[in-house]
Amino acid sequence: MPIPQLQPPVAAVREHTVSSPHGERLDPYYWLRDDERTNPEVLAYLRAENAYHAQHLAPVKPLEDQIYTEIVARLKQDDSTVPYRKNGYWYYIRFEPGREHPIFARREGSLDAPEQIMLDANEHSVGHEYYQIGEIDVSPNAEWLAFCEDTVGRRRYVLRFKNLRTGEILADTISDVEPDVAWANDNRTLLYIEKDPETLLGLRVRKHVLGSDPATDALIYEQTDTTLYTGIAKSKSDRFLFIHMEGTLTSEWRYADANDPALSFKVFLPGRRAHEYEVEHLHDRFIIRTNWQARNFRLMWVPIGKEASQDEWEDVVAHRDDTYIEDFEVFGQFIALSVRTGGLRKIGIQPLTHPGAAPATARPFFIASDEAAYTMFISANPEIDSEILRYSYSSLATPATVYDYNMRTGEKTLLKRDQVLGDFDPSNYETELMFAPARDGKRIPVSLIHRKDFVRDGSAPLLQYAYGSYGLSTDPGFSSARFSLIDRGFVYAIAHIRGGQEMGRAWYDDGRLLQKKNSFADFIDVTHFLVSRGYAHKEKVFAMGGSAGGLLMGAIANISPQDYRGIVAQVPFVDVVTTMLDDSIPLTTNEYDEWGNPRDGTSYDYMLSYSPYDNVRAQAYPAMLVTTGLWDSQVQYYEPAKWVAKLRALKTDRNPLLLRVDMEAGHGGKSGRFQRYR
């Protein structure tokens, strides 16, 4: 007998009033919100969605299994990272065949020394559907390991301690912390950040002494401004500990001598709106990345103790209109710069003429590449007295490649290129970087890849991806999984839309707050450009984005549904106004400078005009796959669940609309190395 076909789940309509200073809105599916994740009716509805998803895709299950097998077969089972040296030890991460989680290991003195396994996440994951190591940090004397683990997927980490000499894991644990810790130089004291259990914001920096009761941990700093994120860092020199507070437009750093038993923190420079900065230590000075009178940031330095007076700050790397300084790494005689210019992420090297001095007019030189679209990252460089920079390079066609680069001689040494098993050959593919015209005259960078035998005749299917928020740029990096798509004839494109920082800080500012709709228009304009240039058939275009990129997917589905055959929205942020009105939801208050504060009438009206959930209407939509995680702490599961329920009720087409809820995971999906590819 044929299996009866399930009908799409239909969520009950229960009008709920969402109040604001600017009026009331009715939300018919608000009841799907269950903060405890225990309501039987809500869970039953989510499971019904999963059952419908599974049955609908059952006919293509053999293809799913085939593609999963292809993807996993490309992965090197016994892979490991390139070891780096710190305080006399070589540290690395490795994987064993068939096992899902990493092993953190080291060797003392040389790479030929016996291996010491610091932490085997496979052993710790036993009995947990989800397991993730968020941070590990070794004490300065290399005897203690602090590590943060999450067994739910909600990023509520537990801090634990291991004696690396004896192998003993201490009984004391500290719950509800950020995965962000730093050791003082006494090898007994550790700074950590305590989360608020409701908002999940890290608000309190505490000091734990090994062997003491965590209930007595001293409060070092408490954050009262809930629009800021709090973090901890240690200088590369190991001389200072930092507490830093970051918002979209504001920074404040504090520092303390890591040898000071009291850990008395001093404000580096009081935070003020529209000034962002970060601090590192080198020689007798602090190095500062700052946007003070420098929209794309510059590097400055100041003698220790004089930092509070900006008149004492001097340029090390001057501001440039065509180059955005994203990050930097200090060495005794060089500074390595991670920059964005021409739509690409590159690495520049700034020589220091002698310790403690560098002319502001000296321009950094860039490490060269032979490919059109690529990305470079500064890797682990823990030793400050070195002239060797370790960095990673990849492109859409080139697997992640690790180099050591001699900043004095320019000599480059290949250390590792990720191995892709099977018949993968990068020469079979071609990457391109082009600029699509936006409707307002801007030029939008587009990175794409296709097979070399691809013919640009307007017949191919296209998968177009973008993110475009928070100033986070989507780099054209390598993914072996994509080739199961590309080898079946797809063109894969990344639209570097406004809201990221691929083209500098102005590119970000033009895609947030009251300019957010530029992100959506850019994505649609890239689609029209690629179709008009013959890269895709107009009826074979698919779009994909996740989290804030899922907001993008929801917006284009409402604005321009006819341009897409299908849309994949992963953990999508789609209920913008209701979420931003609720400061009990994790992350909300930190996001006012990104989306706007809906208590302001102008911001409220603008957000309401594009919020995907609020703008669903009776029209035809593309085929859509929506994914979420029950324990997601970044975008709560009920946003996509409500969105799908409303789409089902209003859409006029017969295209598939599927919701997949991972009942054991959060924002990042499955935690296992292989599981996540499912």
# chains A, B, ... in the order shown; residues from 1 in each chain; ligands from 1
call {"tool": "closest_atom_pairs", "arguments": {"of": "stretch 7-56 of chain A", "to": "stretch 60-74 of chain A", "cutoff": "12 Å", "atoms": "only C-alpha atoms", "output": "CSV"}}
result
residue,atom,partner,partner_atom,distance
A:His53,CA,A:Lys61,CA,11.5
A:Ala54,CA,A:Lys61,CA,8.9
A:Gln55,CA,A:Lys61,CA,9.6
A:His56,CA,A:Val60,CA,8.8
call {"tool": "residues_around", "arguments": {"residues": "A:Val181", "least_positions_apart": "6", "cutoff": "12 Å", "atoms": "only C-alpha atoms", "output": "PyMOL selection string"}}
result
chain A and resi 134-139+145-148+157-161+174+189-194+202+205-208+230-234+241-243
call {"tool": "select_by_dssp", "arguments": {"residues": "stretch 30-215 of chain A", "states": "strand (DSSP E)", "output": "PDB file with N, CA and C atoms, in the first residue's frame"}}
result
ATOM      1  N   TYR A  84      51.949  25.124  16.385  1.00  0.00           N
ATOM      2  CA  TYR A  84      52.594  26.400  16.654  1.00  0.00           C
ATOM      3  C   TYR A  84      53.276  26.319  18.018  1.00  0.00           C
ATOM      4  N   ARG A  85      54.319  27.142  18.211  1.00  0.00           N
ATOM      5  CA  ARG A  85      55.136  27.059  19.424  1.00  0.00           C
ATOM      6  C   ARG A  85      54.795  28.199  20.376  1.00  0.00           C
ATOM      7  N   LYS A  86      54.670  27.847  21.648  1.00  0.00           N
ATOM      8  CA  LYS A  86      54.474  28.848  22.687  1.00  0.00           C
ATOM      9  C   LYS A  86      55.045  28.329  23.999  1.00  0.00           C
ATOM     10  N   TYR A  89      56.401  24.738  24.121  1.00  0.00           N
ATOM     11  CA  TYR A  89      55.556  23.629  23.671  1.00  0.00           C
ATOM     12  C   TYR A  89      55.054  23.884  22.258  1.00  0.00           C
ATOM     13  N   TRP A  90      54.847  22.783  21.530  1.00  0.00           N
ATOM     14  CA  TRP A  90      54.211  22.828  20.218  1.00  0.00           C
ATOM     15  C   TRP A  90      52.759  22.373  20.377  1.00  0.00           C
ATOM     16  N   TYR A  91      51.811  23.241  20.033  1.00  0.00           N
ATOM     17  CA  TYR A  91      50.384  22.965  20.221  1.00  0.00           C
ATOM     18  C   TYR A  91      49.713  22.697  18.869  1.00  0.00           C
ATOM     19  N   TYR A  92      48.752  21.779  18.874  1.00  0.00           N
ATOM     20  CA  TYR A  92      48.011  21.468  17.646  1.00  0.00           C
ATOM     21  C   TYR A  92      46.700  20.779  18.007  1.00  0.00           C
ATOM     22  N   ILE A  93      45.819  20.683  17.002  1.00  0.00           N
ATOM     23  CA  ILE A  93      44.539  19.983  17.125  1.00  0.00           C
ATOM     24  C   ILE A  93      44.524  18.891  16.057  1.00  0.00           C
ATOM     25  N   ARG A  94      44.086  17.714  16.441  1.00  0.00           N
ATOM     26  CA  ARG A  94      44.014  16.639  15.447  1.00  0.00           C
ATOM     27  C   ARG A  94      42.683  15.894  15.540  1.00  0.00           C
ATOM     28  N   ILE A 103      40.817  16.563  19.111  1.00  0.00           N
ATOM     29  CA  ILE A 103      41.725  16.228  20.207  1.00  0.00           C
ATOM     30  C   ILE A 103      42.747  17.354  20.290  1.00  0.00           C
ATOM     31  N   PHE A 104      42.848  17.976  21.452  1.00  0.00           N
ATOM     32  CA  PHE A 104      43.791  19.074  21.671  1.00  0.00           C
ATOM     33  C   PHE A 104      45.061  18.488  22.286  1.00  0.00           C
ATOM     34  N   ALA A 105      46.182  18.688  21.613  1.00  0.00           N
ATOM     35  CA  ALA A 105      47.410  18.016  22.031  1.00  0.00           C
ATOM     36  C   ALA A 105      48.602  18.964  21.948  1.00  0.00           C
ATOM     37  N   ARG A 106      49.742  18.499  22.501  1.00  0.00           N
ATOM     38  CA  ARG A 106      50.968  19.285  22.451  1.00  0.00           C
ATOM     39  C   ARG A 106      52.166  18.356  22.592  1.00  0.00           C
ATOM     40  N   ARG A 107      53.329  18.893  22.276  1.00  0.00           N
ATOM     41  CA  ARG A 107      54.606  18.186  22.466  1.00  0.00           C
ATOM     42  C   ARG A 107      55.587  19.179  23.081  1.00  0.00           C
ATOM     43  N   GLU A 108      56.361  18.713  24.033  1.00  0.00           N
ATOM     44  CA  GLU A 108      57.274  19.592  24.757  1.00  0.00           C
ATOM     45  C   GLU A 108      58.635  19.629  24.086  1.00  0.00           C
ATOM     46  N   GLU A 115      53.690  12.784  22.495  1.00  0.00           N
ATOM     47  CA  GLU A 115      52.469  13.584  22.479  1.00  0.00           C
ATOM     48  C   GLU A 115      51.821  13.608  23.857  1.00  0.00           C
ATOM     49  N   GLN A 116      51.367  14.787  24.235  1.00  0.00           N
ATOM     50  CA  GLN A 116      50.565  14.946  25.452  1.00  0.00           C
ATOM     51  C   GLN A 116      49.157  15.363  25.019  1.00  0.00           C
ATOM     52  N   ILE A 117      48.168  14.527  25.296  1.00  0.00           N
ATOM     53  CA  ILE A 117      46.784  14.881  24.985  1.00  0.00           C
ATOM     54  C   ILE A 117      46.246  15.726  26.124  1.00  0.00           C
ATOM     55  N   MET A 118      45.962  16.972  25.833  1.00  0.00           N
ATOM     56  CA  MET A 118      45.413  17.870  26.844  1.00  0.00           C
ATOM     57  C   MET A 118      43.921  17.618  27.058  1.00  0.00           C
ATOM     58  N   LEU A 119      43.202  17.442  25.937  1.00  0.00           N
ATOM     59  CA  LEU A 119      41.758  17.277  26.036  1.00  0.00           C
ATOM     60  C   LEU A 119      41.265  16.507  24.811  1.00  0.00           C
ATOM     61  N   ASP A 120      40.558  15.413  25.048  1.00  0.00           N
ATOM     62  CA  ASP A 120      39.932  14.638  23.980  1.00  0.00           C
ATOM     63  C   ASP A 120      38.436  14.904  24.039  1.00  0.00           C
ATOM     64  N   GLN A 132      30.281  20.842  22.469  1.00  0.00           N
ATOM     65  CA  GLN A 132      31.139  21.825  21.810  1.00  0.00           C
ATOM     66  C   GLN A 132      32.123  22.407  22.807  1.00  0.00           C
ATOM     67  N   ILE A 133      33.403  22.400  22.448  1.00  0.00           N
ATOM     68  CA  ILE A 133      34.418  23.115  23.220  1.00  0.00           C
ATOM     69  C   ILE A 133      34.453  24.558  22.715  1.00  0.00           C
ATOM     70  N   GLY A 134      34.225  25.510  23.622  1.00  0.00           N
ATOM     71  CA  GLY A 134      34.194  26.900  23.210  1.00  0.00           C
ATOM     72  C   GLY A 134      35.534  27.590  23.295  1.00  0.00           C
ATOM     73  N   GLU A 135      36.336  27.235  24.296  1.00  0.00           N
ATOM     74  CA  GLU A 135      37.632  27.891  24.475  1.00  0.00           C
ATOM     75  C   GLU A 135      38.505  27.005  25.337  1.00  0.00           C
ATOM     76  N   ILE A 136      39.789  26.947  25.025  1.00  0.00           N
ATOM     77  CA  ILE A 136      40.757  26.350  25.937  1.00  0.00           C
ATOM     78  C   ILE A 136      41.879  27.360  26.133  1.00  0.00           C
ATOM     79  N   ASP A 137      42.460  27.383  27.322  1.00  0.00           N
ATOM     80  CA  ASP A 137      43.545  28.324  27.605  1.00  0.00           C
ATOM     81  C   ASP A 137      44.497  27.668  28.592  1.00  0.00           C
ATOM     82  N   VAL A 138      45.778  27.650  28.239  1.00  0.00           N
ATOM     83  CA  VAL A 138      46.809  27.022  29.061  1.00  0.00           C
ATOM     84  C   VAL A 138      47.465  28.088  29.931  1.00  0.00           C
ATOM     85  N   TRP A 144      48.291  24.068  33.744  1.00  0.00           N
ATOM     86  CA  TRP A 144      46.848  24.024  33.937  1.00  0.00           C
ATOM     87  C   TRP A 144      46.129  24.363  32.632  1.00  0.00           C
ATOM     88  N   LEU A 145      45.029  23.659  32.421  1.00  0.00           N
ATOM     89  CA  LEU A 145      44.176  23.918  31.276  1.00  0.00           C
ATOM     90  C   LEU A 145      42.804  24.364  31.767  1.00  0.00           C
ATOM     91  N   ALA A 146      42.366  25.521  31.309  1.00  0.00           N
ATOM     92  CA  ALA A 146      40.983  25.956  31.527  1.00  0.00           C
ATOM     93  C   ALA A 146      40.230  25.714  30.229  1.00  0.00           C
ATOM     94  N   PHE A 147      39.048  25.099  30.309  1.00  0.00           N
ATOM     95  CA  PHE A 147      38.274  24.865  29.097  1.00  0.00           C
ATOM     96  C   PHE A 147      36.792  25.077  29.358  1.00  0.00           C
ATOM     97  N   CYS A 148      36.098  25.563  28.318  1.00  0.00           N
ATOM     98  CA  CYS A 148      34.663  25.862  28.394  1.00  0.00           C
ATOM     99  C   CYS A 148      33.921  24.903  27.473  1.00  0.00           C
ATOM    100  N   GLU A 149      32.881  24.252  27.989  1.00  0.00           N
ATOM    101  CA  GLU A 149      32.134  23.287  27.194  1.00  0.00           C
ATOM    102  C   GLU A 149      30.639  23.586  27.238  1.00  0.00           C
ATOM    103  N   ASP A 150      29.980  23.281  26.122  1.00  0.00           N
ATOM    104  CA  ASP A 150      28.538  23.484  25.972  1.00  0.00           C
ATOM    105  C   ASP A 150      27.927  22.146  25.579  1.00  0.00           C
ATOM    106  N   TYR A 157      28.056  28.165  28.615  1.00  0.00           N
ATOM    107  CA  TYR A 157      29.211  27.301  28.807  1.00  0.00           C
ATOM    108  C   TYR A 157      29.480  27.017  30.284  1.00  0.00           C
ATOM    109  N   VAL A 158      30.109  25.876  30.506  1.00  0.00           N
ATOM    110  CA  VAL A 158      30.594  25.495  31.834  1.00  0.00           C
ATOM    111  C   VAL A 158      32.114  25.528  31.791  1.00  0.00           C
ATOM    112  N   LEU A 159      32.712  26.230  32.757  1.00  0.00           N
ATOM    113  CA  LEU A 159      34.165  26.362  32.841  1.00  0.00           C
ATOM    114  C   LEU A 159      34.719  25.281  33.754  1.00  0.00           C
ATOM    115  N   ARG A 160      35.743  24.561  33.252  1.00  0.00           N
ATOM    116  CA  ARG A 160      36.359  23.480  34.027  1.00  0.00           C
ATOM    117  C   ARG A 160      37.875  23.615  33.962  1.00  0.00           C
ATOM    118  N   PHE A 161      38.554  22.866  34.841  1.00  0.00           N
ATOM    119  CA  PHE A 161      40.013  22.978  34.962  1.00  0.00           C
ATOM    120  C   PHE A 161      40.644  21.591  35.001  1.00  0.00           C
ATOM    121  N   LYS A 162      41.782  21.476  34.308  1.00  0.00           N
ATOM    122  CA  LYS A 162      42.505  20.204  34.273  1.00  0.00           C
ATOM    123  C   LYS A 162      43.967  20.436  34.599  1.00  0.00           C
ATOM    124  N   ASN A 163      44.517  19.594  35.477  1.00  0.00           N
ATOM    125  CA  ASN A 163      45.945  19.600  35.780  1.00  0.00           C
ATOM    126  C   ASN A 163      46.658  18.803  34.685  1.00  0.00           C
ATOM    127  N   ILE A 174      32.263  26.069  36.927  1.00  0.00           N
ATOM    128  CA  ILE A 174      31.580  27.362  36.959  1.00  0.00           C
ATOM    129  C   ILE A 174      30.633  27.404  35.770  1.00  0.00           C
ATOM    130  N   SER A 175      29.340  27.520  36.032  1.00  0.00           N
ATOM    131  CA  SER A 175      28.315  27.460  34.991  1.00  0.00           C
ATOM    132  C   SER A 175      27.956  28.850  34.478  1.00  0.00           C
ATOM    133  N   ASP A 176      27.313  28.855  33.308  1.00  0.00           N
ATOM    134  CA  ASP A 176      26.797  30.078  32.691  1.00  0.00           C
ATOM    135  C   ASP A 176      27.882  31.131  32.492  1.00  0.00           C
ATOM    136  N   VAL A 177      28.908  30.744  31.725  1.00  0.00           N
ATOM    137  CA  VAL A 177      29.993  31.674  31.433  1.00  0.00           C
ATOM    138  C   VAL A 177      30.126  31.846  29.918  1.00  0.00           C
ATOM    139  N   ALA A 182      41.102  34.229  30.662  1.00  0.00           N
ATOM    140  CA  ALA A 182      42.499  34.669  30.587  1.00  0.00           C
ATOM    141  C   ALA A 182      43.168  34.426  31.935  1.00  0.00           C
ATOM    142  N   TRP A 183      44.371  33.845  31.890  1.00  0.00           N
ATOM    143  CA  TRP A 183      45.150  33.564  33.099  1.00  0.00           C
ATOM    144  C   TRP A 183      45.969  34.777  33.522  1.00  0.00           C
ATOM    145  N   THR A 189      45.302  32.171  39.081  1.00  0.00           N
ATOM    146  CA  THR A 189      44.158  33.077  38.980  1.00  0.00           C
ATOM    147  C   THR A 189      43.695  33.177  37.530  1.00  0.00           C
ATOM    148  N   LEU A 190      42.389  33.069  37.338  1.00  0.00           N
ATOM    149  CA  LEU A 190      41.809  33.115  36.003  1.00  0.00           C
ATOM    150  C   LEU A 190      40.640  34.091  35.991  1.00  0.00           C
ATOM    151  N   LEU A 191      40.609  34.946  34.967  1.00  0.00           N
ATOM    152  CA  LEU A 191      39.454  35.817  34.746  1.00  0.00           C
ATOM    153  C   LEU A 191      38.452  35.119  33.832  1.00  0.00           C
ATOM    154  N   TYR A 192      37.167  35.275  34.149  1.00  0.00           N
ATOM    155  CA  TYR A 192      36.105  34.744  33.299  1.00  0.00           C
ATOM    156  C   TYR A 192      34.921  35.696  33.337  1.00  0.00           C
ATOM    157  N   ILE A 193      33.955  35.477  32.433  1.00  0.00           N
ATOM    158  CA  ILE A 193      32.795  36.360  32.315  1.00  0.00           C
ATOM    159  C   ILE A 193      31.536  35.561  32.620  1.00  0.00           C
ATOM    160  N   GLU A 194      30.791  36.044  33.583  1.00  0.00           N
ATOM    161  CA  GLU A 194      29.549  35.394  34.002  1.00  0.00           C
ATOM    162  C   GLU A 194      28.380  35.923  33.174  1.00  0.00           C
ATOM    163  N   LYS A 195      27.549  35.015  32.670  1.00  0.00           N
ATOM    164  CA  LYS A 195      26.400  35.402  31.854  1.00  0.00           C
ATOM    165  C   LYS A 195      25.181  35.701  32.708  1.00  0.00           C
ATOM    166  N   GLY A 202      27.059  38.493  28.674  1.00  0.00           N
ATOM    167  CA  GLY A 202      28.153  38.427  29.633  1.00  0.00           C
ATOM    168  C   GLY A 202      28.313  39.761  30.325  1.00  0.00           C
ATOM    169  N   LEU A 203      27.959  39.821  31.598  1.00  0.00           N
ATOM    170  CA  LEU A 203      27.896  41.113  32.286  1.00  0.00           C
ATOM    171  C   LEU A 203      28.936  41.283  33.389  1.00  0.00           C
ATOM    172  N   ARG A 204      29.381  40.192  34.007  1.00  0.00           N
ATOM    173  CA  ARG A 204      30.253  40.314  35.182  1.00  0.00           C
ATOM    174  C   ARG A 204      31.574  39.584  34.950  1.00  0.00           C
ATOM    175  N   VAL A 205      32.672  40.312  35.115  1.00  0.00           N
ATOM    176  CA  VAL A 205      34.006  39.709  35.055  1.00  0.00           C
ATOM    177  C   VAL A 205      34.399  39.326  36.466  1.00  0.00           C
ATOM    178  N   ARG A 206      34.688  38.049  36.658  1.00  0.00           N
ATOM    179  CA  ARG A 206      35.066  37.556  37.986  1.00  0.00           C
ATOM    180  C   ARG A 206      36.455  36.940  37.953  1.00  0.00           C
ATOM    181  N   LYS A 207      37.021  36.805  39.158  1.00  0.00           N
ATOM    182  CA  LYS A 207      38.368  36.261  39.327  1.00  0.00           C
ATOM    183  C   LYS A 207      38.259  34.966  40.127  1.00  0.00           C
ATOM    184  N   HIS A 208      38.709  33.862  39.517  1.00  0.00           N
ATOM    185  CA  HIS A 208      38.692  32.572  40.209  1.00  0.00           C
ATOM    186  C   HIS A 208      40.112  32.150  40.536  1.00  0.00           C
ATOM    187  N   VAL A 209      40.309  31.686  41.750  1.00  0.00           N
ATOM    188  CA  VAL A 209      41.598  31.144  42.184  1.00  0.00           C
ATOM    189  C   VAL A 209      41.453  29.631  42.295  1.00  0.00           C
TER     190      VAL A 209
END
call {"tool": "closest_residue", "arguments": {"among": "A:Asp440, A:Glu222, A:Asp453, A:Glu280", "to": "A:Ile304", "atoms": "only C-alpha atoms"}}
result
A:Glu280
call {"tool": "residues_around", "arguments": {"residues": "A:Leu463", "least_positions_apart": "4", "cutoff": "10 Å", "atoms": "only C-alpha atoms", "output": "ChimeraX atom specification"}}
result
/A:448,485-486,490-494,527,536,540-544,564,566-568
call {"tool": "write_last_selection", "arguments": {"atoms": "N, CA, C and O atoms", "output": "mmCIF file, in the first residue's frame"}}
result
data_model
loop_
_atom_site.group_PDB
_atom_site.id
_atom_site.type_symbol
_atom_site.label_atom_id
_atom_site.label_comp_id
_atom_site.auth_asym_id
_atom_site.auth_seq_id
_atom_site.Cartn_x
_atom_site.Cartn_y
_atom_site.Cartn_z
ATOM 1 N N LEU A 448 32.668 34.371 -7.639
ATOM 2 C CA LEU A 448 31.955 33.173 -8.082
ATOM 3 C C LEU A 448 32.927 32.119 -8.570
ATOM 4 O O LEU A 448 34.088 32.391 -8.868
ATOM 5 N N LEU A 485 27.796 20.342 -5.631
ATOM 6 C CA LEU A 485 26.865 21.200 -6.355
ATOM 7 C C LEU A 485 27.488 21.664 -7.672
ATOM 8 O O LEU A 485 26.871 21.570 -8.741
ATOM 9 N N ILE A 486 28.707 22.158 -7.589
ATOM 10 C CA ILE A 486 29.372 22.722 -8.766
ATOM 11 C C ILE A 486 29.597 21.649 -9.829
ATOM 12 O O ILE A 486 29.420 21.895 -11.034
ATOM 13 N N PHE A 490 26.211 23.620 -11.305
ATOM 14 C CA PHE A 490 25.851 24.901 -10.696
ATOM 15 C C PHE A 490 26.987 25.913 -10.795
ATOM 16 O O PHE A 490 28.171 25.558 -10.748
ATOM 17 N N VAL A 491 26.608 27.177 -10.868
ATOM 18 C CA VAL A 491 27.497 28.299 -10.586
ATOM 19 C C VAL A 491 27.233 28.696 -9.140
ATOM 20 O O VAL A 491 26.076 28.778 -8.712
ATOM 21 N N TYR A 492 28.296 28.924 -8.379
ATOM 22 C CA TYR A 492 28.157 29.358 -6.986
ATOM 23 C C TYR A 492 28.696 30.779 -6.884
ATOM 24 O O TYR A 492 29.826 31.055 -7.304
ATOM 25 N N ALA A 493 27.883 31.681 -6.332
ATOM 26 C CA ALA A 493 28.273 33.092 -6.261
ATOM 27 C C ALA A 493 28.056 33.635 -4.856
ATOM 28 O O ALA A 493 27.075 33.291 -4.187
ATOM 29 N N ILE A 494 28.983 34.478 -4.416
ATOM 30 C CA ILE A 494 28.845 35.228 -3.166
ATOM 31 C C ILE A 494 28.640 36.687 -3.537
ATOM 32 O O ILE A 494 29.487 37.301 -4.206
ATOM 33 N N THR A 527 21.594 39.295 -8.636
ATOM 34 C CA THR A 527 20.884 38.238 -9.359
ATOM 35 C C THR A 527 20.577 38.675 -10.789
ATOM 36 O O THR A 527 20.843 37.941 -11.756
ATOM 37 N N ALA A 536 23.439 32.353 -15.456
ATOM 38 C CA ALA A 536 22.372 31.512 -14.938
ATOM 39 C C ALA A 536 21.113 31.697 -15.768
ATOM 40 O O ALA A 536 20.879 32.754 -16.373
ATOM 41 N N LYS A 540 16.291 29.278 -12.830
ATOM 42 C CA LYS A 540 17.100 28.295 -12.094
ATOM 43 C C LYS A 540 17.988 28.972 -11.047
ATOM 44 O O LYS A 540 19.088 28.516 -10.769
ATOM 45 N N VAL A 541 17.514 30.076 -10.476
ATOM 46 C CA VAL A 541 18.297 30.812 -9.491
ATOM 47 C C VAL A 541 17.820 30.446 -8.088
ATOM 48 O O VAL A 541 16.622 30.525 -7.787
ATOM 49 N N PHE A 542 18.766 30.064 -7.230
ATOM 50 C CA PHE A 542 18.484 29.721 -5.839
ATOM 51 C C PHE A 542 19.267 30.665 -4.932
ATOM 52 O O PHE A 542 20.384 31.063 -5.262
ATOM 53 N N ALA A 543 18.675 31.014 -3.809
ATOM 54 C CA ALA A 543 19.297 31.942 -2.862
ATOM 55 C C ALA A 543 19.452 31.263 -1.511
ATOM 56 O O ALA A 543 18.603 30.445 -1.114
ATOM 57 N N MET A 544 20.523 31.624 -0.787
ATOM 58 C CA MET A 544 20.756 31.025 0.523
ATOM 59 C C MET A 544 21.420 32.041 1.446
ATOM 60 O O MET A 544 22.286 32.812 1.028
ATOM 61 N N TYR A 564 13.461 33.989 -7.938
ATOM 62 C CA TYR A 564 14.131 32.847 -7.317
ATOM 63 C C TYR A 564 13.277 31.591 -7.439
ATOM 64 O O TYR A 564 12.086 31.591 -7.152
ATOM 65 N N GLY A 566 14.113 28.840 -5.720
ATOM 66 C CA GLY A 566 14.076 28.312 -4.363
ATOM 67 C C GLY A 566 14.922 29.151 -3.437
ATOM 68 O O GLY A 566 15.854 29.840 -3.874
ATOM 69 N N ILE A 567 14.598 29.111 -2.132
ATOM 70 C CA ILE A 567 15.317 29.875 -1.118
ATOM 71 C C ILE A 567 15.592 28.968 0.070
ATOM 72 O O ILE A 567 14.691 28.259 0.536
ATOM 73 N N VAL A 568 16.838 28.984 0.545
ATOM 74 C CA VAL A 568 17.213 28.295 1.778
ATOM 75 C C VAL A 568 17.510 29.356 2.832
ATOM 76 O O VAL A 568 18.430 30.166 2.663
#
call {"tool": "closest_residue", "arguments": {"among": "A:Arg390, A:Tyr30, A:Val531, A:Ser264", "to": "A:Leu219", "atoms": "only C-alpha atoms"}}
result
A:Ser264
call {"tool": "select_by_dssp", "arguments": {"residues": "stretch 152-310 of chain A", "states": "helix (DSSP H, G or I)", "output": "VMD selection string"}}
result
chain A and resid 214 to 216 310
call {"tool": "write_last_selection", "arguments": {"atoms": "all heavy atoms", "output": "JSON list (two decimals), in the first residue's frame"}}
result
[["chain", "number", "residue", "atom", "x", "y", "z"],
["A", 214, "PRO", "N", 33.95, 28.55, 43.84],
["A", 214, "PRO", "CA", 33.52, 29.56, 42.85],
["A", 214, "PRO", "C", 32.49, 30.53, 43.40],
["A", 214, "PRO", "O", 32.39, 31.66, 42.90],
["A", 214, "PRO", "CB", 32.93, 28.70, 41.72],
["A", 214, "PRO", "CG", 33.63, 27.38, 41.84],
["A", 214, "PRO", "CD", 33.85, 27.18, 43.32],
["A", 215, "ALA", "N", 31.75, 30.13, 44.43],
["A", 215, "ALA", "CA", 30.76, 31.04, 45.01],
["A", 215, "ALA", "C", 31.40, 32.26, 45.65],
["A", 215, "ALA", "O", 30.73, 33.28, 45.86],
["A", 215, "ALA", "CB", 29.91, 30.30, 46.04],
["A", 216, "THR", "N", 32.69, 32.17, 45.95],
["A", 216, "THR", "CA", 33.40, 33.30, 46.57],
["A", 216, "THR", "C", 34.22, 34.11, 45.57],
["A", 216, "THR", "O", 34.96, 35.00, 45.96],
["A", 216, "THR", "CB", 34.33, 32.79, 47.68],
["A", 216, "THR", "OG1", 35.38, 31.99, 47.09],
["A", 216, "THR", "CG2", 33.57, 31.95, 48.69],
["A", 310, "GLN", "N", 44.78, 61.81, 24.13],
["A", 310, "GLN", "CA", 44.91, 61.47, 22.72],
["A", 310, "GLN", "C", 45.89, 62.38, 21.99],
["A", 310, "GLN", "O", 46.33, 62.05, 20.89],
["A", 310, "GLN", "CB", 43.54, 61.47, 22.04],
["A", 310, "GLN", "CG", 42.69, 60.26, 22.43],
["A", 310, "GLN", "CD", 41.39, 60.17, 21.66],
["A", 310, "GLN", "OE1", 40.36, 60.58, 22.16],
["A", 310, "GLN", "NE2", 41.43, 59.65, 20.44]]
call {"tool": "closest_residue", "arguments": {"among": "A:Ala121, A:Leu75, A:Val10, A:Leu650", "to": "A:Ala481", "atoms": "only C-alpha atoms"}}
result
A:Leu75
call {"tool": "atom_distance", "arguments": {"atom1": "atom CA of A:Met407", "atom2": "atom CA of A:Ile388"}}
result
6.1 Å
call {"tool": "residues_around", "arguments": {"residues": "stretch 601-605 of chain A", "least_positions_apart": "3", "cutoff": "8 Å", "atoms": "only C-alpha atoms", "output": "list of chain:residue names"}}
result
A:His22, A:Leu513, A:Leu514, A:Val577, A:Trp595, A:Gly596, A:Asn597, A:Pro598, A:Leu608, A:Ser609
call {"tool": "write_last_selection", "arguments": {"atoms": "C-alpha atoms", "output": "mmCIF file, in the first residue's frame"}}
result
data_model
loop_
_atom_site.group_PDB
_atom_site.id
_atom_site.type_symbol
_atom_site.label_atom_id
_atom_site.label_comp_id
_atom_site.auth_asym_id
_atom_site.auth_seq_id
_atom_site.Cartn_x
_atom_site.Cartn_y
_atom_site.Cartn_z
ATOM 1 C CA HIS A 22 3.953 53.479 18.412
ATOM 2 C CA LEU A 513 19.875 51.148 10.391
ATOM 3 C CA LEU A 514 17.859 53.347 8.001
ATOM 4 C CA VAL A 577 10.268 44.386 15.359
ATOM 5 C CA TRP A 595 18.832 47.596 13.347
ATOM 6 C CA GLY A 596 17.584 50.580 15.349
ATOM 7 C CA ASN A 597 15.701 50.949 18.604
ATOM 8 C CA PRO A 598 11.986 50.366 17.891
ATOM 9 C CA LEU A 608 8.335 47.332 10.243
ATOM 10 C CA SER A 609 8.505 48.175 6.536
#
